[in-house]
Every structure is written in C-alpha cells, then in structure tokens.
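Q: Quick one: the structure is below, and I'll ask about it shortly.
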Amino acid sequence: MGIHREFRHDIVQAADLLRAGGLVAFPTETVYGLGADAACQRAVSRIFAAKGRPADHPLIVHLGQMADLDLWARDIPAEAWHLATHFWPGPLTLILKRRPDVLDLVTGGQDTIGVRMPDHPLALALLKTFGGAIAAPSANRFGRISPTAAAHVIAELGIAVDYVIDGGPCAVGLESTILDLSGVQPRVLRPGAVTCSMLAEWFDEIPITGDAGGPRAPGRLPSHYAPSTPLRLLESAAIDESVLSTLITGQFVTVLSMRPPKTSVSGYRWETMPTDPQAYARVFYTCLRNADRKDCRCILVELPPATEEWTAVNDRLKRAAANTQQNKLEVV
Ligand code: TXA
Ligand code: MG
C-alpha cells in the first residue's frame, strides 16, 4: 500500500500505542473512529470512558482483511462473504453471530458482532501495521455529532485520546450502513452510503429496515448525532418567515438550505447546501458543528427530498431534530 512518507511515522507510532492499550483516533471514509485493540479489555474499556458511552452499547470491529471475519464471527452466511467481497473496503457494517471468545465489552454482551473494513488508506495501513482488529466507535462524545475532520476529534475528546491521525476530511461524511445478517431476515439497522437497493441485489427480498426490538444500538435512538442547539426541519417555503421571526427577537439563527436566501437582512448565517446527496452528506456534520454555537437560537434545515438516495441524510436529520422540544422554541 502506498502510504505517503509523512504518514509512515504516524502509523508506526499509532500502531505501537494500540499495542500498548492506547486510544488512537483515525480517519475512515465515513467518519473518524476512536480505536483500541479489540482483543484488549483494558483498552476497549477506555473507549467507553472517553466517549461517556454506556457499557452495554456495542462497538464496530474494524478489520484489515476480509479473511479475518472468521476470527470474530461464526456461522457466517454466504451472503456475508458475497457482500464483503463486493462492498469492502467500504461503508458497510455487517452484524453477524459472534465467536464465543470475543470480549463482551465489544459486543455489549450480545450474541452478535458488528464488523467492517474501512475504505481509507490510513485506516488500512494502521490495521495492517497493528496486525489485529480495531474496535472503534465514532470519535465523539456519546450522542453528539460524529467527527469528519481531525480537528473535530480534538475538540470533542481532547486529551482523552493518545494519538490522532489527521487524514483530512472524510469522503463519505456519514456513518456506515449497518446490515444485520444474524436473524432470519436481512435488516438495515442504520442507513448509510450503501443503500437498500444496492443491498437488495444480493438477496431474494429487499432487506427490511428498522430494529423491531433488536439489539441495542445508540445510532438508532431517536435522539442521536445531535447538536446542542435546537434544530427544526422545514419545507423550503417556510424558511424565510421563520428566519425573520427569530431575528425580530434579536437572536442569531443558522439556516441549512439547498437554495439561496430570499430574505435580504443580516444577523443570520445562511449555508447553501449541495443539492447532490453525496456532496450534502460530505459537508453535513461540519455544517451542523459550525451552526452549533452558544449564541445561535436555532438551526433551521430545509427538508431534503424523501427519495432513497437521501435516506441516510434524512435519518440523521430526524435524529438531530429529535432533541428539539417545540415548547422550548417560543418564537420559531
Ligand atoms: O462508519 C462507521 O460505522 C463509523 C466508523 C468509525 O467506522 N463507526 C461508527 O461507530 O459509527 P458507532 O459506535 O458510533 O456506531 C456503531 C453502531 C452503534 O449504533 C452500535 O450500537 C451498532 O453500530 N452496533 C455495533 N455492534 C452491533 C451489534 N452487534 N448489534 C447491533 N448494533 C451494533
Ligand atoms: Mg457514533
């Protein structure tokens, strides 16, 4: 693998830290991960402490090669191998039956395990140099916005991380699709860049969505990936009026819309978002992070289309808006 010389030192040092039970934040194509040696109880427990994450929420195990699936999962269905061959490295996490020797802390005590091979040269180089598997949730505090740049990780976790590999902005920008293959029917637990129709080709039936009492997954809580500032979803036509009614109170407001503003007043920030879903996803968390400032009364977001290619963005928007109680927003 061709790793730029300036990163070789990073990778070697980060791999050494992983071996010593350290926490290493690293870039993936989706979001930055907070990694620890997946086979080391002490190291994995540090992830939970750093994130403020409840111990019963499982982590994704990142693999450097497909053959390692056998080390972590058992009774692997043929579809899992087919999907891994086709989509890995890439933004697809598979939930499979776990091997009995996998740490309970990694799986949240469940009988299943989430695994994926990330599509990022630095993540793959780290996995290869380290030689083991890396348990890594997104490198943010529990429930908050996932980091898509190294600076986000430092802002979120600070000295709780031993090393941050800066690989620049993430190319996908939203967390991986999670596909549960441990039950009778394939089930998408979290939508991502790999869509349901892309997966459907590999099955006789279209995978079902939602968890229906399935295992715990924080990314599936109604409020997750959430800014502290209230966030409201609006149709395009309703935005300008909402901006004005907030401005009348002298408070700051941020808008994420796919069109330019009609209102020609100052005192607010209007972020014109990409109209292409992949480009939108790439900048979305950075825009949310920038909007999430103390003096901002609320974030108004134009509802993207309800088409399949927008499913992952719409899912994250819904969760980001779930914290917002209408009664806290007297004005808008
Ligand atoms: O794109 C991604 O998946 C990023 C990068 C770093 O790989 N990782 C990520 O991890 O988003 P995290 O922990 O923030 O979200 C992983 C989700 C959680 O909702 C977790 O509960 C779920 O995957 N998960 C992990 N193992 C599971 C299992 N055995 N059964 C059900 N859900 C599981
Ligand atoms: Mg997360």
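Within each chain, counting starts at residue 1; across the structure tokens, chains are named A, B, ... in the order shown, with ligands numbered 1 upward in that order.
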Considering only C-alpha atoms, return as a compact mmCIF listing (two decimals) with C-alpha atoms, in the first residue's frame whatever protein or nucleic-acid residues lie within 7 Å of Ser176 (chain A), sequence-local ones (same chain, fewer than 6 positions apart) excluded.

A:
# COMPACT_ATOMS: atom_id res chain seq x y z
CA THR A 30 -17.25 7.63 6.76
CA PRO A 91 -19.11 1.89 4.29
CA LEU A 92 -20.99 -1.32 5.15
CA THR A 93 -21.03 -2.86 8.64
CA GLY A 192 -25.72 4.87 5.02
CA ALA A 193 -23.96 5.27 1.70

Q: Could the residues of chain A that have an atom at most 8 Å from ligand 1 be listed as a Markdown table, each with its closest atom pair and the distance in Å to one decimal, counting only C-alpha atoms and all ligand atoms and ordered by chain and ascending residue number?

A:
| residue | atom | partner | partner_atom_place_in_ligand_line | distance |
| --- | --- | --- | --- | --- |
| A:Pro27 | CA | ligand 1 | 6 (C) | 7.6 |
| A:Thr28 | CA | ligand 1 | 5 (C) | 6.2 |
| A:Glu29 | CA | ligand 1 | 1 (O) | 7.6 |
| A:Thr30 | CA | ligand 1 | 1 (O) | 4.7 |
| A:Val31 | CA | ligand 1 | 5 (C) | 5.3 |
| A:Tyr32 | CA | ligand 1 | 6 (C) | 5.2 |
| A:Gly33 | CA | ligand 1 | 6 (C) | 3.6 |
| A:Leu34 | CA | ligand 1 | 6 (C) | 6.9 |
| A:His57 | CA | ligand 1 | 21 (O) | 5.1 |
| A:Pro58 | CA | ligand 1 | 26 (N) | 4.4 |
| A:Leu59 | CA | ligand 1 | 25 (C) | 4.4 |
| A:Ile60 | CA | ligand 1 | 25 (C) | 4.8 |
| A:Val61 | CA | ligand 1 | 26 (N) | 8.0 |
| A:His62 | CA | ligand 1 | 7 (O) | 7.0 |
| A:Pro91 | CA | ligand 1 | 1 (O) | 6.1 |
| A:Leu92 | CA | ligand 1 | 3 (O) | 7.5 |
| A:Thr93 | CA | ligand 1 | 3 (O) | 6.4 |
| A:Ile95 | CA | ligand 1 | 29 (N) | 5.5 |
| A:Leu96 | CA | ligand 1 | 29 (N) | 7.1 |
| A:Val106 | CA | ligand 1 | 26 (N) | 7.7 |
| A:Thr107 | CA | ligand 1 | 29 (N) | 5.4 |
| A:Gly108 | CA | ligand 1 | 29 (N) | 7.4 |
| A:Gln110 | CA | ligand 1 | 29 (N) | 6.4 |
| A:Asp111 | CA | ligand 1 | 29 (N) | 7.2 |
| A:Thr112 | CA | ligand 1 | 29 (N) | 4.3 |
| A:Ile113 | CA | ligand 1 | 29 (N) | 3.8 |
| A:Gly114 | CA | ligand 1 | 26 (N) | 4.0 |
| A:Val115 | CA | ligand 1 | 26 (N) | 7.6 |
| A:Arg116 | CA | ligand 1 | 7 (O) | 7.2 |
| A:Pro118 | CA | ligand 1 | 7 (O) | 6.5 |
| A:Ala136 | CA | ligand 1 | 6 (C) | 5.6 |
| A:Pro137 | CA | ligand 1 | 13 (O) | 3.3 |
| A:Ser138 | CA | ligand 1 | 14 (O) | 4.0 |
| A:Ala139 | CA | ligand 1 | 6 (C) | 7.1 |
| A:Asn140 | CA | ligand 1 | 14 (O) | 7.9 |
| A:Ser146 | CA | ligand 1 | 14 (O) | 7.4 |
| A:Leu174 | CA | ligand 1 | 1 (O) | 6.7 |
| A:Glu175 | CA | ligand 1 | 1 (O) | 3.4 |
| A:Ser176 | CA | ligand 1 | 1 (O) | 3.7 |
| A:Thr177 | CA | ligand 1 | 3 (O) | 7.0 |
| A:Ile178 | CA | ligand 1 | 23 (O) | 6.7 |
| A:Asp180 | CA | ligand 1 | 31 (C) | 7.2 |
| A:Leu189 | CA | ligand 1 | 32 (N) | 7.2 |
| A:Arg190 | CA | ligand 1 | 19 (O) | 7.7 |
| A:Gly214 | CA | ligand 1 | 31 (C) | 7.4 |
| A:Pro215 | CA | ligand 1 | 31 (C) | 5.1 |
| A:Arg216 | CA | ligand 1 | 21 (O) | 5.7 |
| A:Ala217 | CA | ligand 1 | 21 (O) | 2.9 |
| A:Pro218 | CA | ligand 1 | 19 (O) | 4.2 |
| A:Gly219 | CA | ligand 1 | 19 (O) | 3.7 |
| A:Arg220 | CA | ligand 1 | 19 (O) | 6.0 |

Q: If you count only C-alpha atoms, which residues fall within 6 Å of region 254-267 of chain A, apart from same-chain ones fewer than 2 positions away, as JSON, numbers by chain?

A: {"A": [269, 270, 271, 272, 273, 275, 299, 300, 301, 302]}

Q: Since we have the selection now, will you write its residues out, keeping N, CA, C and O atoms, as a PDB file, in the first residue's frame?

A:
ATOM      1  N   ARG A 269     -26.917  33.331   9.582  1.00  0.00           N
ATOM      2  CA  ARG A 269     -25.993  32.650   8.679  1.00  0.00           C
ATOM      3  C   ARG A 269     -26.799  31.718   7.793  1.00  0.00           C
ATOM      4  O   ARG A 269     -27.576  30.894   8.280  1.00  0.00           O
ATOM      5  N   TRP A 270     -26.637  31.859   6.498  1.00  0.00           N
ATOM      6  CA  TRP A 270     -27.346  31.008   5.542  1.00  0.00           C
ATOM      7  C   TRP A 270     -26.316  30.156   4.829  1.00  0.00           C
ATOM      8  O   TRP A 270     -25.478  30.663   4.099  1.00  0.00           O
ATOM      9  N   GLU A 271     -26.367  28.871   5.086  1.00  0.00           N
ATOM     10  CA  GLU A 271     -25.429  27.937   4.459  1.00  0.00           C
ATOM     11  C   GLU A 271     -26.143  27.300   3.267  1.00  0.00           C
ATOM     12  O   GLU A 271     -27.143  26.612   3.453  1.00  0.00           O
ATOM     13  N   THR A 272     -25.684  27.605   2.066  1.00  0.00           N
ATOM     14  CA  THR A 272     -26.315  26.978   0.896  1.00  0.00           C
ATOM     15  C   THR A 272     -25.699  25.592   0.691  1.00  0.00           C
ATOM     16  O   THR A 272     -24.524  25.463   0.378  1.00  0.00           O
ATOM     17  N   MET A 273     -26.520  24.582   0.912  1.00  0.00           N
ATOM     18  CA  MET A 273     -26.046  23.197   0.922  1.00  0.00           C
ATOM     19  C   MET A 273     -26.059  22.601  -0.483  1.00  0.00           C
ATOM     20  O   MET A 273     -26.859  23.007  -1.332  1.00  0.00           O
ATOM     21  N   THR A 275     -26.934  20.192  -3.582  1.00  0.00           N
ATOM     22  CA  THR A 275     -28.197  19.539  -3.952  1.00  0.00           C
ATOM     23  C   THR A 275     -27.986  18.062  -4.284  1.00  0.00           C
ATOM     24  O   THR A 275     -28.942  17.327  -4.487  1.00  0.00           O
ATOM     25  N   ILE A 299     -31.269  26.104  14.647  1.00  0.00           N
ATOM     26  CA  ILE A 299     -30.784  25.741  13.322  1.00  0.00           C
ATOM     27  C   ILE A 299     -32.016  25.329  12.513  1.00  0.00           C
ATOM     28  O   ILE A 299     -32.766  24.436  12.928  1.00  0.00           O
ATOM     29  N   LEU A 300     -32.231  26.016  11.411  1.00  0.00           N
ATOM     30  CA  LEU A 300     -33.369  25.686  10.546  1.00  0.00           C
ATOM     31  C   LEU A 300     -32.836  24.934   9.335  1.00  0.00           C
ATOM     32  O   LEU A 300     -31.934  25.412   8.652  1.00  0.00           O
ATOM     33  N   VAL A 301     -33.383  23.752   9.090  1.00  0.00           N
ATOM     34  CA  VAL A 301     -32.862  22.940   7.991  1.00  0.00           C
ATOM     35  C   VAL A 301     -33.966  22.643   6.987  1.00  0.00           C
ATOM     36  O   VAL A 301     -35.056  22.176   7.364  1.00  0.00           O
ATOM     37  N   GLU A 302     -33.680  22.906   5.739  1.00  0.00           N
ATOM     38  CA  GLU A 302     -34.640  22.569   4.691  1.00  0.00           C
ATOM     39  C   GLU A 302     -34.696  21.054   4.525  1.00  0.00           C
ATOM     40  O   GLU A 302     -33.665  20.393   4.408  1.00  0.00           O
TER      41      GLU A 302
END

Q: Just asking: which residues within region 117-257 of chain A are strand (DSSP E or B) according to DSSP, as a list in words?

A: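 Output for region 117-257 of chain A, strand (DSSP E or B) only: Ile134, Ala135, Ser138, Tyr163, Val164, Thr177, Ile178, Leu179, Asp180, Arg187, Val188, Leu189, Arg190, Ile208, Thr209, Leu231, Arg232, Leu233, Leu234, Phe252, Val253, Thr254, Val255, Leu256 and Ser257 of chain A.
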
Q: Pull C-alpha atoms from the residues just selected and write them as a CSV table (one decimal), in the first residue's frame.

A:
chain,number,residue,atom,x,y,z
A,134,ILE,CA,-9.5,-2.3,16.0
A,135,ALA,CA,-12.7,-1.7,17.9
A,138,SER,CA,-17.2,7.3,16.0
A,163,TYR,CA,-3.0,10.0,19.2
A,164,VAL,CA,-5.0,11.5,16.4
A,177,THR,CA,-24.8,1.4,6.7
A,178,ILE,CA,-25.4,-1.3,9.3
A,179,LEU,CA,-26.9,-4.6,7.9
A,180,ASP,CA,-27.9,-7.2,10.4
A,187,ARG,CA,-32.3,-6.0,8.2
A,188,VAL,CA,-30.8,-2.5,7.7
A,189,LEU,CA,-30.3,-1.1,11.2
A,190,ARG,CA,-28.8,2.2,10.1
A,208,ILE,CA,-36.2,-4.7,5.9
A,209,THR,CA,-35.4,-1.6,7.8
A,231,LEU,CA,-32.8,22.0,15.2
A,232,ARG,CA,-36.0,22.3,13.1
A,233,LEU,CA,-36.8,20.7,9.8
A,234,LEU,CA,-38.8,22.9,7.4
A,252,PHE,CA,-28.9,34.5,15.9
A,253,VAL,CA,-30.2,31.8,13.6
A,254,THR,CA,-28.4,29.4,11.2
A,255,VAL,CA,-30.1,28.0,8.1
A,256,LEU,CA,-29.0,25.0,6.1
A,257,SER,CA,-30.9,25.2,2.8

Q: Excluding Ile47 (chain A) and its own-chain neighbours fewer than 3 positions away, which residues fall within 8 Å of it when counting only C-alpha atoms? Please give them as a list in words.

A: Leu23, Leu34, Gly35, Ala36, Ala43, Val44, Ala50, Lys51 and Ala136 of chain A

Q: Go ahead and save the residues from that selection, with C-alpha atoms, as a PDB file, in the first residue's frame.

A:
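Okay, this is what ended up in part24.pdb:
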ATOM      1  CA  LEU A  23      -6.604   5.051  22.161  1.00  0.00           C
ATOM      2  CA  LEU A  34     -11.819   6.171  18.204  1.00  0.00           C
ATOM      3  CA  GLY A  35      -9.800   2.974  18.053  1.00  0.00           C
ATOM      4  CA  ALA A  36      -8.489   0.474  20.574  1.00  0.00           C
ATOM      5  CA  ALA A  43      -8.032  -0.747  26.036  1.00  0.00           C
ATOM      6  CA  VAL A  44     -11.660  -1.175  24.958  1.00  0.00           C
ATOM      7  CA  ALA A  50     -13.504   8.663  26.767  1.00  0.00           C
ATOM      8  CA  LYS A  51     -16.869   8.810  24.984  1.00  0.00           C
ATOM      9  CA  ALA A 136     -13.827   1.832  17.049  1.00  0.00           C
TER      10      ALA A 136
END

Q: Between CA of Ile11 (chain A) and CA of Ala39 (chain A), what distance in Å does the model show, to one decimal?

A: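 Interatomic distance, CA of Ile11 (chain A) to CA of Ala39 (chain A): 19.3 Å.
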
Q: Quote the spacing between CA of Asp101 (chain A) and CA of Trp72 (chain A) in Å to one decimal place.

A: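 Rounded to one decimal, the two atoms are 8.2 Å apart.
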